[in-house]
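File shown here: work-v1.cif, holding mmCIF, C-alpha atoms and all ligand atoms.
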```
data_run
loop_
_atom_site.label_atom_id
_atom_site.label_comp_id
_atom_site.auth_asym_id
_atom_site.auth_seq_id
_atom_site.Cartn_x
_atom_site.Cartn_y
_atom_site.Cartn_z
CA MET H 1 -9.58 33.95 1.54
CA HIS H 2 -10.21 35.28 -1.97
CA THR H 3 -10.59 38.86 -3.18
CA ALA H 4 -11.68 40.58 -6.38
CA ALA H 5 -8.19 39.81 -7.72
CA SER H 6 -9.77 36.43 -8.60
CA ASP H 7 -13.35 35.25 -8.04
CA GLY H 8 -13.85 36.77 -4.59
CA GLN H 9 -15.18 40.09 -3.41
CA GLY H 10 -13.46 43.19 -2.06
CA CYS H 11 -9.80 44.07 -1.64
CA VAL H 12 -7.18 43.52 1.06
CA ALA H 13 -8.43 46.53 3.07
CA ASP H 14 -12.00 45.11 3.14
CA LYS H 15 -10.78 41.75 4.40
CA TYR H 16 -8.53 43.44 6.91
CA ALA H 17 -11.38 45.54 8.30
CA CYS H 18 -13.66 42.52 8.68
CA ALA H 19 -10.91 40.38 10.24
CA ALA H 20 -10.01 43.16 12.70
CA ALA H 21 -13.67 43.67 13.67
CA ARG H 22 -13.98 39.93 14.37
CA GLY H 23 -10.81 39.81 16.42
CA LEU H 24 -8.78 37.59 14.10
CA LYS H 25 -5.01 37.59 14.61
CA GLU H 26 -3.82 36.40 11.24
CA ILE H 27 -5.29 35.97 7.75
CA ALA H 28 -3.97 34.83 4.38
CA ILE H 29 -5.04 36.51 1.15
CA CYS H 30 -5.14 33.74 -1.35
CA ASP H 31 -6.47 34.24 -4.85
CA HIS H 32 -6.66 31.59 -7.57
CA GLY H 33 -3.46 30.97 -9.58
CA PHE H 34 -2.77 32.24 -13.09
CA GLY H 35 -4.16 29.18 -14.90
CA SER H 36 -7.71 29.50 -13.65
CA ILE H 37 -10.31 30.47 -16.24
CA LEU H 38 -11.49 34.12 -16.49
CA LEU H 39 -11.26 35.19 -12.86
CA HIS H 40 -7.69 34.42 -11.95
CA SER H 41 -4.88 36.45 -10.52
CA THR H 42 -2.32 37.97 -12.90
CA ARG H 43 1.10 39.53 -12.44
CA ARG H 44 -0.43 42.99 -12.45
CA LYS H 45 -3.16 42.09 -9.93
CA PHE H 46 -0.62 40.28 -7.77
CA ASP H 47 1.63 43.37 -7.72
CA VAL H 48 -1.23 45.63 -6.61
CA GLN H 49 -2.34 43.14 -3.96
CA ASN H 50 1.18 42.67 -2.67
CA GLY H 51 1.48 46.45 -2.25
CA ASP H 52 -1.81 46.50 -0.32
CA ILE H 53 -0.56 43.70 1.94
CA LEU H 54 2.64 45.59 2.72
CA LYS H 55 0.49 48.61 3.68
CA ALA H 56 -1.71 46.40 5.88
CA ALA H 57 1.42 45.09 7.60
CA ALA H 58 2.04 48.58 8.93
CA MET H 59 -1.36 48.60 10.70
CA LYS H 60 -0.42 45.65 12.92
CA SER H 61 -3.70 44.60 14.56
CA VAL H 62 -4.10 41.69 12.10
CA THR H 63 -1.15 39.91 10.45
CA VAL H 64 -1.88 39.66 6.73
CA ARG H 65 -0.04 36.97 4.78
CA GLN H 66 0.43 36.99 1.04
CA SER H 67 -0.57 33.66 -0.43
CA ILE H 68 -1.88 32.30 -3.70
CA GLU H 69 -4.00 29.19 -4.28
CA ALA H 70 -2.13 27.21 -6.91
CA SER H 71 -3.80 24.47 -8.94
CA VAL H 72 -2.07 21.18 -9.61
CA VAL H 73 -2.43 20.54 -13.36
CA ASN H 74 -0.98 17.08 -14.13
CA ASP H 75 0.71 14.03 -12.61
CA ALA H 76 4.18 15.55 -12.96
CA GLY H 77 2.97 17.87 -10.22
CA ASP H 78 3.13 21.03 -12.32
CA ILE H 79 1.22 23.99 -10.90
CA ASP H 80 -0.15 27.21 -12.41
CA VAL H 81 1.97 29.70 -10.46
CA PRO H 82 5.45 30.76 -11.65
CA ASP H 83 8.43 30.42 -9.29
CA ASP H 84 9.09 34.15 -9.02
CA ILE H 85 5.55 34.72 -7.78
CA ILE H 86 5.87 31.90 -5.22
CA ALA H 87 9.08 33.58 -4.05
CA ARG H 88 7.04 36.68 -3.17
CA CYS H 89 4.47 34.75 -1.09
CA ASP H 90 4.50 34.08 2.65
CA VAL H 91 2.24 31.05 2.26
CA LEU H 92 1.49 28.70 -0.62
CA HIS H 93 -1.87 26.94 -0.90
CA LEU H 94 -2.47 24.08 -3.35
CA GLY H 95 -5.63 22.38 -4.58
CA PHE H 96 -7.44 20.85 -7.55
CA HIS H 97 -9.73 23.18 -9.54
CA ARG H 98 -11.68 22.31 -12.65
CA LEU H 99 -12.18 25.75 -14.19
CA MET H 100 -8.79 25.86 -15.88
CA GLN H 101 -7.56 27.38 -19.12
CA PHE H 102 -7.77 25.21 -22.23
CA GLY H 103 -4.03 24.57 -22.55
CA TYR H 104 -4.04 22.71 -19.22
CA ILE H 105 -7.14 20.71 -20.16
CA ARG H 106 -5.59 19.70 -23.49
CA ARG H 107 -2.43 18.43 -21.80
CA ALA H 108 -4.20 16.42 -19.06
CA PRO H 109 -7.78 15.85 -20.25
CA GLN H 110 -8.63 12.93 -17.93
CA PHE H 111 -7.35 14.78 -14.89
CA MET H 112 -9.21 18.00 -15.66
CA LEU H 113 -12.40 16.66 -17.21
CA VAL H 114 -13.15 13.36 -15.46
CA ASN H 115 -12.19 14.72 -12.03
CA GLY H 116 -13.84 18.02 -12.73
CA TRP H 117 -17.02 17.04 -14.52
CA GLY H 118 -17.34 13.24 -14.41
CA THR H 119 -19.80 11.33 -12.28
CA LYS H 120 -18.84 10.38 -8.76
CA SER H 121 -18.13 6.77 -9.72
CA ALA H 122 -15.90 7.89 -12.59
CA ARG H 123 -13.93 9.98 -10.14
CA LEU H 124 -13.44 6.92 -7.97
CA ASP H 125 -11.84 4.99 -10.84
CA GLU H 126 -8.67 3.36 -9.48
CA ASP H 127 -6.38 4.61 -12.24
CA LEU H 128 -7.61 8.14 -11.75
CA VAL H 129 -7.12 7.98 -7.97
CA GLU H 130 -3.58 6.77 -8.66
CA TYR H 131 -3.00 9.62 -11.14
CA ASN H 132 -4.39 12.18 -8.67
CA THR H 133 -2.20 10.83 -5.87
CA ARG H 134 0.90 11.12 -8.08
CA ALA H 135 -0.10 14.64 -9.10
CA PHE H 136 -0.43 15.89 -5.52
CA SER H 137 2.58 13.96 -4.17
CA ASN H 138 4.85 15.37 -6.88
CA ALA H 139 3.57 18.93 -6.43
CA LEU H 140 4.08 18.74 -2.64
CA ARG H 141 7.64 17.51 -3.18
CA ARG H 142 8.52 20.06 -5.89
CA TYR H 143 7.11 23.26 -4.38
CA PRO H 144 7.17 24.89 -0.92
CA VAL H 145 3.48 24.17 -0.36
CA ASP H 146 2.19 25.01 3.13
CA VAL H 147 -1.49 24.13 2.87
CA LEU H 148 -3.25 21.34 0.98
CA CYS H 149 -6.73 22.70 0.23
CA HIS H 150 -10.07 20.91 0.23
CA LEU H 151 -8.61 17.38 0.04
CA ASN H 152 -10.73 14.97 -2.06
CA HIS H 153 -12.86 17.77 -3.45
CA ARG H 154 -13.48 16.43 -7.00
CA ALA H 155 -9.99 14.85 -7.26
CA GLN H 156 -10.01 11.76 -5.02
CA VAL H 157 -6.62 10.66 -3.71
CA ASP H 158 -5.11 7.80 -1.74
CA VAL H 159 -5.41 9.65 1.57
CA LYS H 160 -2.87 7.50 3.40
CA ARG H 161 -0.13 8.20 0.86
CA ILE H 162 -0.92 11.90 0.66
CA ALA H 163 -0.87 12.11 4.47
CA GLU H 164 2.60 10.52 4.47
CA VAL H 165 3.91 13.12 2.01
CA ALA H 166 2.21 15.95 3.92
CA LEU H 167 3.82 14.79 7.15
CA GLU H 168 7.25 14.40 5.54
CA ARG H 169 7.01 17.85 3.89
CA GLY H 170 5.34 19.70 6.79
CA VAL H 171 2.17 20.49 4.83
CA TYR H 172 -1.00 21.41 6.73
CA ILE H 173 -4.29 19.80 5.73
CA GLU H 174 -6.97 22.45 5.35
CA LEU H 175 -10.30 22.23 7.15
CA ASN H 176 -12.22 24.08 4.43
CA GLU H 177 -15.50 25.71 5.46
CA LYS H 178 -16.96 25.52 1.95
CA HIS H 179 -16.06 21.91 1.18
CA ILE H 180 -15.70 20.20 4.57
CA GLU H 181 -17.99 17.33 3.50
CA THR H 182 -15.23 15.97 1.22
CA MET H 183 -13.19 15.18 4.34
CA GLU H 184 -15.74 12.81 5.93
CA SER H 185 -14.22 9.64 4.46
CA ALA H 186 -10.63 10.83 4.95
CA ILE H 187 -10.59 12.15 8.50
CA GLY H 188 -10.01 8.79 10.22
CA ILE H 189 -6.86 8.12 8.18
CA LEU H 190 -5.67 11.72 8.60
CA LEU H 191 -6.09 11.61 12.39
CA GLU H 192 -4.13 8.36 12.58
CA SER H 193 -1.37 9.71 10.32
CA GLY H 194 -0.28 12.49 12.67
CA VAL H 195 -0.76 15.38 10.20
CA THR H 196 -1.59 18.89 11.42
CA PHE H 197 -4.64 20.78 10.18
CA ILE H 198 -5.29 24.46 9.47
CA LEU H 199 -8.48 26.51 9.30
CA GLY H 200 -9.56 27.73 5.85
CA SER H 201 -12.68 29.87 5.51
CA ASP H 202 -12.32 29.89 1.68
CA ALA H 203 -14.21 33.18 2.08
CA HIS H 204 -15.09 34.60 -1.34
CA ARG H 205 -17.49 37.20 0.11
CA THR H 206 -15.99 39.56 2.69
CA ALA H 207 -18.77 38.77 5.19
CA GLN H 208 -17.56 35.13 5.33
CA THR H 209 -14.19 36.17 6.73
CA GLY H 210 -13.32 34.14 9.81
CA LEU H 211 -16.62 32.22 10.02
CA PHE H 212 -16.38 28.47 10.57
CA PRO H 213 -19.77 27.00 11.56
CA ARG H 214 -19.43 23.78 9.51
CA VAL H 215 -15.75 23.26 10.36
CA THR H 216 -16.49 23.77 14.06
CA GLU H 217 -19.17 21.07 13.95
CA PHE H 218 -16.79 18.75 12.05
CA ILE H 219 -13.98 19.26 14.56
CA LYS H 220 -16.31 18.47 17.48
CA ARG H 221 -17.92 15.45 15.87
CA HIS H 222 -14.57 13.88 14.95
CA GLY H 223 -12.82 14.92 18.14
CA ILE H 224 -9.88 16.56 16.35
CA PRO H 225 -7.51 17.72 19.11
CA GLU H 226 -7.15 21.52 19.28
CA GLU H 227 -3.36 21.30 19.42
CA ARG H 228 -3.42 19.74 15.96
CA ILE H 229 -5.27 22.67 14.34
CA CYS H 230 -3.47 25.86 13.29
CA GLY H 231 -5.78 28.74 14.05
CA VAL H 232 -7.23 26.95 17.10
CA GLY H 233 -4.54 25.48 19.36
CA ALA H 234 -1.48 25.42 17.10
CA GLU H 235 0.63 28.24 15.62
CA PRO H 236 1.34 27.79 11.91
CA ARG H 237 4.90 27.88 10.58
CA PHE H 238 5.22 28.61 6.90
CA LYS H 239 8.12 27.55 4.72
CA PRO H 240 10.62 30.19 3.63
CA LYS H 241 10.07 30.80 -0.07
CA LYS H 242 13.14 30.64 -2.29
CA ASN H 243 14.93 33.91 -3.05
CA LYS H 244 12.29 35.85 -1.16
CA THR H 245 14.75 38.50 -0.01
CA GLU H 246 16.24 38.89 -3.50
CA VAL H 247 12.95 39.79 -5.20
ZN ZN A 301 -12.89 30.58 -6.00
ZN ZN A 302 -9.82 26.06 -3.95
#
```

Let me see the file written as structure tokens.
Amino acid sequence: MHTAASDGQGCVADKYACAAARGLKEIAICDHGFGSILLHSTRRKFDVQNGDILKAAAMKSVTVRQSIEASVVNDAGDIDVPDDIIARCDVLHLGFHRLMQFGYIRRAPQFMLVNGWGTKSARLDEDLVEYNTRAFSNALRRYPVDVLCHLNHRAQVDVKRIAEVALERGVYIELNEKHIETMESAIGILLESGVTFILGSDAHRTAQTGLFPRVTEFIKRHGIPEERICGVGAEPRFKPKKNKTEV
């Protein structure tokens, strides 16, 4: 979920209070990476948030994980979060976002603009799907990503190939409450592939914390087995982040 450290609402304590009231066991605070336009996290905001998360850890009724939602920015698989920040996270989320700073747009205009703002048919262009698939595959191989967010939201990929990389790298596929419709065409392939899913409220407002009406309907309609969903019947295991103890 997001907070006021990027384009969400409230702080860690607000999310904690709502999660505790709703009986959640574990949440991840996950603001947009440094390359997002205007409302992005920064080193200073990350430091403050990380301090708040350490305080929340002492309260114990809800486990609060430090994450950040990185954006993949080109087909080399570069992302907009520096390594030393990743090293301080418990969880790393990754997705495509179109509201990125100009430097990223200039270096990968097709990726940012056609995916982000083009028509649906333009986004389905074969070369672009190939580019997107390379971008995500490389990022998943280069970084300790735990969760692939809102798959196929704006940036369409070859789902079969991405599922193979996710499986090989132990990456969970997010069932995103805000964008679950983008998974309709992909779910068959994902179910066959053997990947594991994870709940993602993508809550920007505090009141959305832990609410999953659309995801619940999607899970039922597609018969996704509970034991394949972290947050329902599976316990998530997040990758150790490099040098975490040294920072
Ligand atoms: Zn956002
Ligand atoms: Zn996102």

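Distances here use all atoms listed in the file; by that measure, the residue among H:Ala20, H:Cys11, H:Leu128, H:Val147 closest to ligand ZN 302 (chain A) is H:Val147.
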
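Each of H:Arg169, H:Arg161, H:Arg22, H:Arg221 was compared to Arg141 in chain H using only C-alpha atoms, and H:Arg169 turns out to be the nearest.
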
Wanna dump the chain H-ligand ZN 301 (chain A) contacts at 9 Å for me, each residue with its shortest atom pair and the distance in Å to one decimal, counting only C-alpha atoms and all ligand atoms, ordered by chain and number, as a tab-separated table?
```
residue	atom	partner	partner_atom	distance
H:Met1	CA	A:ZN301	ZN	8.9
H:His2	CA	A:ZN301	ZN	6.7
H:Ser6	CA	A:ZN301	ZN	7.1
H:Asp7	CA	A:ZN301	ZN	5.1
H:Gly8	CA	A:ZN301	ZN	6.4
H:Asp31	CA	A:ZN301	ZN	7.5
H:His32	CA	A:ZN301	ZN	6.5
H:Leu39	CA	A:ZN301	ZN	8.4
H:His40	CA	A:ZN301	ZN	8.8
H:His97	CA	A:ZN301	ZN	8.8
H:Asp202	CA	A:ZN301	ZN	7.7
H:Ala203	CA	A:ZN301	ZN	8.6
H:His204	CA	A:ZN301	ZN	6.5
```

Dump the neighbourhood of ligand ZN 302 (chain A) as an mmCIF file with C-alpha atoms, in the coordinates of the input: all residues within 8 Å, distances computed on only C-alpha atoms and all ligand atoms.
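The new file pocket-v1.cif reads:
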```cif
data_model
loop_
_atom_site.group_PDB
_atom_site.id
_atom_site.type_symbol
_atom_site.label_atom_id
_atom_site.label_comp_id
_atom_site.auth_asym_id
_atom_site.auth_seq_id
_atom_site.Cartn_x
_atom_site.Cartn_y
_atom_site.Cartn_z
ATOM 1 C CA HIS H 32 -6.660 31.590 -7.570
ATOM 2 C CA GLU H 69 -4.000 29.190 -4.280
ATOM 3 C CA SER H 71 -3.800 24.470 -8.940
ATOM 4 C CA LEU H 94 -2.470 24.080 -3.350
ATOM 5 C CA GLY H 95 -5.630 22.380 -4.580
ATOM 6 C CA PHE H 96 -7.440 20.850 -7.550
ATOM 7 C CA HIS H 97 -9.730 23.180 -9.540
ATOM 8 C CA CYS H 149 -6.730 22.700 0.230
ATOM 9 C CA HIS H 150 -10.070 20.910 0.230
ATOM 10 C CA ASP H 202 -12.320 29.890 1.680
#
```

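With only C-alpha atoms as the basis for measurement, H:Asp90 is the residue among H:Glu181, H:Asp90, H:Asp84, H:Glu235 that approaches Cys30 in chain H most closely.
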
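Ranking H:Pro213, H:Glu177, H:Lys55, H:Asp78 by their shortest atom-to-atom distance to Leu140 in chain H, with only C-alpha atoms included, puts H:Asp78 first.
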
H:Ser121, H:Glu126, H:Ile162, H:Gly35 ranked by distance to Phe102 in chain H, top pick (using all atoms listed in the file): H:Gly35

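Candidate residues H:Thr133, H:Thr119, H:Thr216, H:Gln101 were compared for distance to Leu38 in chain H, and the nearest is H:Gln101, using only C-alpha atoms.
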
Distance in Å - CA of Arg205 in chain H versus CA of His179 in chain H: 15.4 Å

Point (-1.0, 39.6, -1.3) neighbourhood (12 Å, all atoms listed in the file) written as a PyMOL selection string: chain H and resi 1-6+11-13+15-16+27-32+41-57+63-69+85-86+88-92

9 Å contact set for Asn115 in chain H, all atoms listed in the file, chain neighbours under 5 positions out, as a PyMOL selection string: chain H and resi 96+98+110+120+122-124+128+132+154-156

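Relative to CA of Lys220 in chain H, CA of Ala21 in chain H is found at 25.6 Å.
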